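Since the structure comes first, as structure tokens, the remarks are kept for the end.
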There are 4 protein chains.
Amino acid sequence: MTIRLRVGCGIRYRTCGATAAVLLVRPRSDSRQLVVDERSDSQPAVSLREFLDLYGNRCQRLVLPAGELALRYEASMEVSDDPDAIDARVPQRPVERLPDEALLYTLPSRYCLSDELMGTAWDLFGDAPGGWGRVQAVCDWVFGHLGFRYGASDPLTTAVDVYRDGEGVCRDFAHLGITFCRALNIPARYVFGYIPDIDVPPSKDPMDFCAWMEVYLGERWWTFDPRNNDTMPRRGRVVIGRGRDALDVAMVTTYGRVELTGMEVVAEPAATDPRRLQRAADDRL
Amino acid sequence: MTIRLRVGCGIRYRTCGATAAVLLVRPRSDSRQLVVDERSDSQPAVSLREFLDLYGNRCQRLVLPAGELALRYEASMEVSDDPDAIDARVPQRPVERLPDEALLYTLPSRYCLSDELMGTAWDLFGDAPGGWGRVQAVCDWVFGHLGFRYGASDPLTTAVDVYRDGEGVCRDFAHLGITFCRALNIPARYVFGYIPDIDVPPSKDPMDFCAWMEVYLGERWWTFDPRNNDTMPRRGRVVIGRGRDALDVAMVTTYGRVELTGMEVVAEPAATDPRRLQRAADDRL
Amino acid sequence: MTIRLRVGCGIRYRTCGATAAVLLVRPRSDSRQLVVDERSDSQPAVSLREFLDLYGNRCQRLVLPAGELALRYEASMEVSDDPDAIDARVPQRPVERLPDEALLYTLPSRYCLSDELMGTAWDLFGDAPGGWGRVQAVCDWVFGHLGFRYGASDPLTTAVDVYRDGEGVCRDFAHLGITFCRALNIPARYVFGYIPDIDVPPSKDPMDFCAWMEVYLGERWWTFDPRNNDTMPRRGRVVIGRGRDALDVAMVTTYGRVELTGMEVVAEPAATDPRRLQRAADDRL
Amino acid sequence: MTIRLRVGCGIRYRTCGATAAVLLVRPRSDSRQLVVDERSDSQPAVSLREFLDLYGNRCQRLVLPAGELALRYEASMEVSDDPDAIDARVPQRPVERLPDEALLYTLPSRYCLSDELMGTAWDLFGDAPGGWGRVQAVCDWVFGHLGFRYGASDPLTTAVDVYRDGEGVCRDFAHLGITFCRALNIPARYVFGYIPDIDVPPSKDPMDFCAWMEVYLGERWWTFDPRNNDTMPRRGRVVIGRGRDALDVAMVTTYGRVELTGMEVVAEPAATDPRRLQRAADDRL
């Protein structure tokens, strides 16, 4: 019914001067994914103060000191062991029957310019059947038309750019999928998280943070992943943050110039007791 | 998959002087129960200003004018047509694995003195199997030991009083059930709402507002109804408010002396188009 | 200490088919501006269901019927009778000392592309003294460099467009001011509301909804109004909505094509008892 | 304008078996009191996972292991250096003009049985002038009629008990003051926090956590402290938690039997750089 996972990351920064920052690497903790145990650490030691943002994401504030900083986060999780659900019969709700809290996710946002791509979306997907089928058509199109290339996008790249250039990383796949859905009056939100490699062929990408989307159909939010459209359904997704787009749930937001000098991510089944793993991790630190 | 309901009420008050009040008769609107259409009215006309309380309940503020006031509320609803779920295998979560938002509902509250009845609860139910079985044992006990009697309780009556006196109304059945659950470290919250008579023998009580409870087991909240313990499962419950106990979700809270001179409640399947019903209701007003 | 205002609007739409919409014309109600009495109405009668959005704004959902619809809203308010405060000594907080809830308003948003105008902002205002002086320099620049012209912008116009084209309406003045502030690491949010003409020369514009900005300095949010930069301070502002930019607090958001065929806005001191005004308004409707 | 404080505590527990708990010792962080730096630690090391409760308090969840546990928390704060404000002219708002979020604090709660003491409150204070004067009369009465005695109350003691027995600790002084205010339709909430001894004669009590109340008058919440009624106004209060009564903001809530074997509290001006203090504290740990 549930599986145990070990997720976390190590990140290294270099800055010329003390720089305020917000870090978002800790999973949400709810009935579907429970944070059993977690630990944040840094070299040199800095104070990490958590807060919940407007979306309920568990952010941490810190000041990156001048010079180098190594951050490390690790958590033991208990996660519902259900793969991403598929139900092709789930209908689309007309806007007037959407729950209030879904309405926000029908609007354009910084990177998801659904207003600009409105016509394009209806041209491409207007004939697809409503509901699940239409969202799947969006994912198929995005997966089929975008090439995956590291470095294809930068922090100013919007879904319009991605559509025009035809390439991107998982962030961009998600942005374009979300943009089309919103243009079609289907609520879609951006998700940032960890995905372990369970029951899948050797991962195409080195293990990394991932971005996907959740779409409101029928009576709830459903997971769609335009980047991994061919390997769905996945098991053991761990949501770090949800928001309107990548801007709301950036791994790190810095208020000044910062150089990322190293990053490693872990997301894997915890073979043994999480407390022992934790201690092992401590020893390594 | 969904049914259409018509719910609402008419309430009449008499006061000696203008009196501030908060009214809570409008259903919550979410993906499980959607308010399609609604209307509030009064004779004489008073201003009703809505707000969301801390629990997300849709309250309305008003000033009852000196003299008489007739309030009327009516809504067309689309409600998930699933009866109250029963799953005797659902386990109890240890407290450390409860989601954060459930913790509030493990604490005592004004009417649910789980601290005072802690020993009693463990004496009565400590041997019952954990999880669903223990909650059902609580409901069976409350249903079996309390007599239903209008007027058995007043606004000062706590679950301790109900336990001692052995009688009450649905509010008191719910309070005692909630109190026992909390004493057993099972989150339980109070629910106030409408229940239509669908597929049940002629109701024992005249149609009225009802109170029941929701209990956190496994991965979500489940509906339990100590008062209707013998006729479960019911279909078409419409939640007006959730809170710690009846104090948080009173139909009306008044700041001064007020006399309730009449009340009628409706909760029934909407045979026809809700807009027509609505208009019919308007004509009657 | 407080003044009484009467605010409201009448709006007329024409649509080809039933269209879901969200309306935002009702003021927020808090300790600074209290909604004493309010009324919404429409011809033909449609159901207006309120909800609070993520920012606490009091939105209303409705379905515009095919054909014509006339909406009318009116409220009696009690508002703190303090003009917009000016305190040139208020310092800027470094980001690490901002309260958590202000951080959202340091990020770019759909219309306020502070990432794209980052360099421009520092070129223009980097030499201005920090804090109040820097924000005032932003307002002076925006007021001095933008021309006011109805029709200068459309729903796709961003602050980058406004900066380049040098003209706009109050929405655009606010967007550009907000964008510069955020680029300078000063939290800034968009405000939509009513402003009565109290103690000012005959208004340059016909009475209308207005947009301005709030900026976080020292220990709180302060009102700045780039559009009315020369007539500050104003008295009696009534906030309808706050958000990241105009997208979050649009007067109306429609899910389909809708034609706005008429609009009138009122915001004026209430000379007499609000209840009488209310009734007068009813008679006119 | 602000002062720097160092606040924190050390707490020691003994348990027979692993016991879930919620800890509330970390100050709120907002524009009035900023947490600059903070650190939680324990011997043996346990995982502390923070969450925000319904009131926005920064709680921490943990499992107390069988045996002994020493918890330590320390924070560097920047706090507005204004003493508790006094303004005897501040009027009372009629209930219908209270802001929505204050209404919760007019209701009875577990320990503050304002419904039971309604008559008493009006008998005692009905003749006092409304507003500030009436609240001050409540504080004077509570301070004058209650004796301070450690051990006078236990976790079941309500304001009714305190009123009858005439003694208590600061928790009980606050409960009775709150209860009278609510009975008089004045919103009052319970506050738990640290108070440094600044500019006061040697404290009557050993340094400890404190409880006081906030009351809604005029346009905001004001601090009143029935226990320290004679030494008001105080400077440098640091709020840990706000809620309906002590139940909502307990220093620790445990789900099982736990013995508190030691506690020390610190709240004092930080003479020097907080980072150095922090490091000194680390060395001591």
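All residue names refer to the structure tokens as shown: chains lettered A, B, ... in order, residues numbered from 1 in each chain, ligands numbered from 1 in order.
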Return as a count of residues only the full set of residues in region 84-268 of chain C whose backbone-based DSSP assignment is strand (DSSP E).
-> 43
Practice prompt. Mind the document's chain letters and residue numbers, and return as a PyMOL selection string the residues of region 126-253 of chain B that DSSP labels helix (DSSP H, G or I).
Written response: chain B and resi 132-145+159-165+170-183
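Selected on chain D by distance to chain C: D:Ser29, D:Asp30, D:Ser31, D:Arg32, D:Leu34, D:Val36, D:Arg97, D:Leu98, D:Pro99, D:Asp100, D:Glu219, D:Arg220 (within 8 Å, counting only C-alpha atoms).
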Suppose we keep N, CA and C atoms; can you now write the selection as an mmCIF file, in the first residue's frame?
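Ended up saving to selection_31.cif:
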data_model
loop_
_atom_site.group_PDB
_atom_site.id
_atom_site.type_symbol
_atom_site.label_atom_id
_atom_site.label_comp_id
_atom_site.auth_asym_id
_atom_site.auth_seq_id
_atom_site.Cartn_x
_atom_site.Cartn_y
_atom_site.Cartn_z
ATOM 1 N N SER D 29 7.353 34.701 13.098
ATOM 2 C CA SER D 29 8.250 35.628 12.410
ATOM 3 C C SER D 29 7.420 36.518 11.506
ATOM 4 N N ASP D 30 7.348 37.771 11.823
ATOM 5 C CA ASP D 30 6.566 38.693 11.005
ATOM 6 C C ASP D 30 7.248 40.058 11.015
ATOM 7 N N SER D 31 6.557 41.086 10.551
ATOM 8 C CA SER D 31 7.239 42.366 10.401
ATOM 9 C C SER D 31 7.546 43.002 11.757
ATOM 10 N N ARG D 32 6.856 42.599 12.803
ATOM 11 C CA ARG D 32 7.096 43.192 14.128
ATOM 12 C C ARG D 32 8.191 42.462 14.891
ATOM 13 N N LEU D 34 11.161 39.637 14.012
ATOM 14 C CA LEU D 34 11.784 38.858 12.956
ATOM 15 C C LEU D 34 12.747 37.839 13.554
ATOM 16 N N VAL D 36 15.870 36.155 13.130
ATOM 17 C CA VAL D 36 17.043 36.374 12.298
ATOM 18 C C VAL D 36 17.796 35.062 12.112
ATOM 19 N N ARG D 97 -19.380 45.520 13.384
ATOM 20 C CA ARG D 97 -18.289 46.243 12.722
ATOM 21 C C ARG D 97 -16.940 45.595 12.993
ATOM 22 N N LEU D 98 -16.928 44.473 13.643
ATOM 23 C CA LEU D 98 -15.663 43.756 13.822
ATOM 24 C C LEU D 98 -15.218 43.149 12.503
ATOM 25 N N PRO D 99 -13.930 43.086 12.256
ATOM 26 C CA PRO D 99 -13.483 42.359 11.060
ATOM 27 C C PRO D 99 -13.786 40.863 11.215
ATOM 28 N N ASP D 100 -13.973 40.213 10.092
ATOM 29 C CA ASP D 100 -14.395 38.805 10.102
ATOM 30 C C ASP D 100 -13.491 37.938 10.970
ATOM 31 N N GLU D 219 -9.176 49.663 15.834
ATOM 32 C CA GLU D 219 -8.859 49.074 14.539
ATOM 33 C C GLU D 219 -7.798 47.989 14.586
ATOM 34 N N ARG D 220 -7.483 47.502 15.800
ATOM 35 C CA ARG D 220 -6.463 46.461 15.841
ATOM 36 C C ARG D 220 -6.468 45.708 17.163
#
How many Å lie between CA of Gly8 (chain D) and CA of Glu50 (chain D), rounded to one decimal?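 Computing it gives 16.5 Å between the two atoms.
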Show me, as an NGL selection string, the residues that have an atom within 9 Å of Val239 (chain D) when counting only C-alpha atoms, minus same-chain residues fewer than 4 positions from it. :D and (26-29 or 33 or 191-195)
With N, CA, C and O atoms kept, could you save the residues just selected as a compact mmCIF listing (two decimals), in the first residue's frame?
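This is the output file again.txt:
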# COMPACT_ATOMS: atom_id res chain seq x y z
N ARG D 26 9.03 28.03 19.12
CA ARG D 26 9.66 28.95 18.18
C ARG D 26 8.77 30.17 17.95
O ARG D 26 7.58 30.03 17.68
N PRO D 27 9.33 31.36 18.03
CA PRO D 27 8.51 32.57 17.84
C PRO D 27 7.92 32.63 16.44
O PRO D 27 8.46 32.06 15.49
N ARG D 28 6.82 33.31 16.33
CA ARG D 28 6.30 33.69 15.02
C ARG D 28 7.31 34.66 14.40
O ARG D 28 8.01 35.38 15.09
N SER D 29 7.35 34.70 13.10
CA SER D 29 8.25 35.63 12.41
C SER D 29 7.42 36.52 11.51
O SER D 29 6.81 36.05 10.56
N GLN D 33 8.31 41.19 14.66
CA GLN D 33 9.33 40.38 15.35
C GLN D 33 9.91 39.40 14.35
O GLN D 33 9.25 38.48 13.89
N VAL D 191 -2.24 34.46 24.17
CA VAL D 191 -0.90 34.57 23.60
C VAL D 191 0.10 33.89 24.53
O VAL D 191 0.04 34.04 25.76
N PHE D 192 1.00 33.16 23.92
CA PHE D 192 2.04 32.45 24.65
C PHE D 192 3.37 32.95 24.11
O PHE D 192 3.53 33.09 22.89
N GLY D 193 4.31 33.30 25.00
CA GLY D 193 5.55 33.85 24.47
C GLY D 193 6.63 34.03 25.50
O GLY D 193 6.57 33.50 26.62
N TYR D 194 7.64 34.76 25.06
CA TYR D 194 8.77 35.12 25.92
C TYR D 194 8.65 36.61 26.27
O TYR D 194 8.28 37.42 25.41
N ILE D 195 9.01 37.00 27.50
CA ILE D 195 9.12 38.42 27.83
C ILE D 195 10.47 38.67 28.50
O ILE D 195 10.74 38.12 29.57
